[in-house]
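Have a look at the structure below before the remarks.
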Amino acid sequence: MRDRRQLQLIYIVIVVLIFVFFSSCSNKTSQELLTIQTISEQSWVAAWSSAITLSPDENRLYVVNSDSGSVTAVDTDSETVMWEVPVGVGPSTLAVSPGSDRLYVAVRNDGLLVALDAYTGEHIGATVTGPEPYGVITSVDGKTVIVSESASDSVSFFDAARLELLKHLDVRSRPRGLAVSSDGRSLYVTHFLKGDLTVVDLGSRVVRTVTETGLENNASQHVAIDPAGGRAYMPHIRSRVNNPNLAFDTTLQPLVTVVDLKTDRIITRELLGLDAVDRPVGMPSAVAFSPDGTTLYVVNASSNDISVVDLSMGFGIGHIEVGDNPKGIVVTTNGKTAYVHNVLSGDLSVVDLDNFVENDRIQVTTNPLPPDVLAGKILFHSSDRIELAKDQWISCASCHFESGHDGRTWIFSEGLRNTTSIKGLSATAPFHWSGDRSDLFDFNSTVVERQFGTGLSEEENAQLAAFLGFEEFTPSPFLKTEATERGRLIFETIGCTNCHVGKTFTDGLLHEVGTGNRLDERFDLEFNTPTLLGLWDSAPYLHHGQADTLYEVFSGKHGQEHALNFKISDSDLNDVVAYLLSLPSSD
């Protein structure tokens, strides 16, 4: 009898608790209920775009392979590859849906958002994005896919089921990394060549504010939110261009900036200088956290390692060597294991986080590049050896990001020098603004003079030259129009082709064009004719980088040789600029 009464009492208590729960839920807004649901979903305590991601149940691991143009799925129990499928040219990041059934991939060079079946890798669909999509992430409810479009300075929102465009939002230049807050209300966007962090209200899909973290901050392609949801962590470098006394450790600094998400302001006292909290490292590119948020793991793409930082004390407690050019990291929910994506060795490092050691490697793809080109690409992106750099500080890629440029002008011994792209080098000799590099084998001097390395062997120098000669120009996202055709005719009529000649738009000669200052120049006032291919992606302009736009180049402020505003009408000038920005065309 007593047992029966106890069961009745328990039953009554359960009924009362259920009633109280549903009564409290009925008083909550739909947004608050969404927040409760969100927090209960393990994978959405924090979410950000990455080249590597885990399924919510952690049974599968997914990575993008940029050179191979593919996505690989790995079984985490057996640590074996389940499948590898092609998705297009240059995939950059991927995201798994909260329901675990779909993968969304940003395919950068093809300008596509691709959807895959997360279990089989089967193609579900694809849609065209703005040019150079980089980051991809889904909303908390899984109904929307968000893509950063780097070349068009925009973020787009797509219906996750139908892959249809919902909204196109203009933001500041070069958006890359994306993160969604755990309550699903805010989107955070990094900007690659600046220290800006844009905050987008996901309810209205408009920019709420922009946090500026520093004028010299650079290479910001990732942002992650700590498990508590109060801080955003942005790994990047600081390009110290205002320093005239350049040495290996005064050019670049490896940093992680911390932003308070309640105030959208940087927390200066929590800035992490990785060279101070850890041994010298190169190119911090991604971060992840321990489940309790007390430990930060920073992936360093040039020095091929991970910095382990105790956030409560603000200093390093571990250092882990991994593969070539690591760009992404995920940590399991038990905090025991991290998986690190090594882009150029085509594998994953399996890291024991209790002992801070790499336990295993999982090969996820075979890089299709010719062996000498791949070897040269690894050299180009690495600061991991004394031959390449002193104290792992600088790689070629530290300034020539992804074979492009850093958008900076440096005070070198020969004068002010705006960083140029290395794309198309094989057809545009000689090199440098002063033409002091005659062929692709001369860049070993740059390794010694700029990176303070001891220098490459003859074989390695040939490999680096093979890679430099392999890189091609990226087609312009500005399409041919009637205006560009008018601009081409004007360009050819007014004499621009006297120097910018042929398919590469350069005569390979030195000319004095009125941009030099004798007090600044070590050589002379003549400068190597730059190619015009890729102008859409190479601002600022001229050897001193003092022209922010092509209109300023032609304004007469930087020598009369390029003062087109005095020679042609405003309408004709607009057509010429449109033509130049369309080079090289996708044709």
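By order of appearance in the structure tokens: chains A, B, ..., then residues from 1 within every chain, and ligands from 1 in the order shown.
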**OP:** Pick out the residues sitting within 9 Å of segment 190-200 of chain A, and hand them over as a ChimeraX atom specification; count only C-alpha atoms, and ignore anything fewer than 4 positions along from it in its own chain.
**Re:** /A:150,171-178,185-186,204-223,234,236,238,259,264,406-408
**OP:** With a distance cut-off of 9 Å and only C-alpha atoms, select the neighbouring residues of Ala247 of chain A, excluding the residue or stretch itself and same-chain residues fewer than 5 positions from it, and output the selection as a PyMOL selection string.
**Re:** chain A and resi 450-452
Using N, CA and C atoms, can you write the selected residues to a file as an mmCIF file, in the first residue's frame?
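Generated output (result.cif):
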```cif
data_model
loop_
_atom_site.group_PDB
_atom_site.id
_atom_site.type_symbol
_atom_site.label_atom_id
_atom_site.label_comp_id
_atom_site.auth_asym_id
_atom_site.auth_seq_id
_atom_site.Cartn_x
_atom_site.Cartn_y
_atom_site.Cartn_z
ATOM 1 N N ARG A 450 64.651 39.398 -47.290
ATOM 2 C CA ARG A 450 63.384 39.793 -46.682
ATOM 3 C C ARG A 450 62.970 38.877 -45.529
ATOM 4 N N GLN A 451 63.216 37.568 -45.714
ATOM 5 C CA GLN A 451 62.795 36.606 -44.711
ATOM 6 C C GLN A 451 63.914 36.231 -43.747
ATOM 7 N N PHE A 452 65.122 36.678 -44.051
ATOM 8 C CA PHE A 452 66.290 36.452 -43.207
ATOM 9 C C PHE A 452 66.591 34.967 -43.023
#
```
**OP:** Taking the DSSP assignment computed from this structure's backbone, write out as number ranges by chain all residues of segment 217-404 of chain A that belong to strand (DSSP E or B).
**Re:** A: 217-218, 224-225, 231-239, 252-260, 265-266, 272-273, 284-289, 295-300, 305-310, 315-321, 326-331, 337-342, 347-352, 357-363
**OP:** Extract, using only C-alpha atoms, all DNA, RNA and protein residues at most 12 Å from Asp292 of chain A, discarding same-chain residues fewer than 4 positions from it, and format them as a list in words.
**Re:** Val45, Asp226, Pro227, Ala228, Gly229, Ala288, Leu296, Asp310, Leu311, Ser312, Val331, Thr332, Thr333, Asn334 and Gly335 of chain A
**OP:** Excluding Thr409 of chain A and residues on its chain fewer than 2 positions from it, collect all residues at most 12 Å away from it, counting only C-alpha atoms, and give them as a PyMOL selection string.
**Re:** chain A and resi 216+239-244+251+399+405-407+411-412+415-420+433+538-548
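Of the residues listed (A:Asn109, A:Ser426, A:Ser303, A:Ser476), A:Ser426 shows the shortest atom-to-atom separation from Thr504 of chain A; distances use only C-alpha atoms.
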Original post:
Counting only C-alpha atoms, what is within 6 Å of segment 111-120 of chain A, bar same-chain residues fewer than 6 positions away, as a ChimeraX atom specification?
Top reply: /A:101-105,126-129,131-133
Could you turn the residues from that selection into a file that holds C-alpha atoms, as an mmCIF file, in the first residue's frame?
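Output (selection-v3.cif):
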```cif
data_model
loop_
_atom_site.group_PDB
_atom_site.id
_atom_site.type_symbol
_atom_site.label_atom_id
_atom_site.label_comp_id
_atom_site.auth_asym_id
_atom_site.auth_seq_id
_atom_site.Cartn_x
_atom_site.Cartn_y
_atom_site.Cartn_z
ATOM 1 C CA ASP A 101 22.176 15.460 -43.640
ATOM 2 C CA ARG A 102 23.745 18.099 -45.925
ATOM 3 C CA LEU A 103 27.109 19.651 -46.605
ATOM 4 C CA TYR A 104 27.414 23.122 -48.112
ATOM 5 C CA VAL A 105 30.669 24.001 -49.885
ATOM 6 C CA ALA A 126 24.532 24.017 -56.791
ATOM 7 C CA THR A 127 23.898 27.698 -57.306
ATOM 8 C CA VAL A 128 25.932 30.659 -58.522
ATOM 9 C CA THR A 129 27.179 33.068 -55.862
ATOM 10 C CA PRO A 131 32.592 36.141 -57.244
ATOM 11 C CA GLU A 132 35.078 34.324 -55.016
ATOM 12 C CA PRO A 133 32.853 32.854 -52.305
#
```
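Atom CA of Ser139 of chain A lies 9.6 Å from atom CA of Phe157 of chain A.
Using only C-alpha atoms, the shortest contact distance between Glu449 of chain A and any of A:Arg162, A:Lys262, A:Lys390, A:His562 is found at A:Lys390.
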Original post:
Got a sec to tell me which of segment 196-445 of chain A DSSP assigns to alpha helix (DSSP H), as a PyMOL selection string?
Top reply: chain A and resi 248-251+274-277+371-381+444-445
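Neighbours of segment 343-357 of chain A closer than or equal to 7 Å, with only C-alpha atoms counted and sequence neighbours fewer than 2 positions away skipped, come out as A:Asn65, A:Gly318, A:His319, A:Ile320, A:Val322, A:Gly323, A:Asp324, A:Asn325, A:Pro326, A:Lys327, A:Lys336, A:Thr337, A:Ala338, A:Tyr339, A:Val340, A:His341, A:Asn359, A:Asp360, A:Arg361, A:Ile362, A:Gln363, A:Val364, A:Thr365, A:Thr366, A:Asn367, A:Ile378.
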Original post:
If you measure from atom CA of Phe554 of chain A to atom CA of Leu532 of chain A, what distance in Å do you get, rounded to one decimal?
Top reply: 14.1 Å
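Of the residues under consideration (A:Ile317, A:Ile225, A:Ile52, A:Asp77), A:Ile52 shows the shortest atom-to-atom contact distance to Asn342 of chain A when counting only C-alpha atoms.
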Original post:
Quick one, how far is atom CA of Leu272 of chain A from atom CA of Glu358 of chain A?
Top reply: 23.9 Å
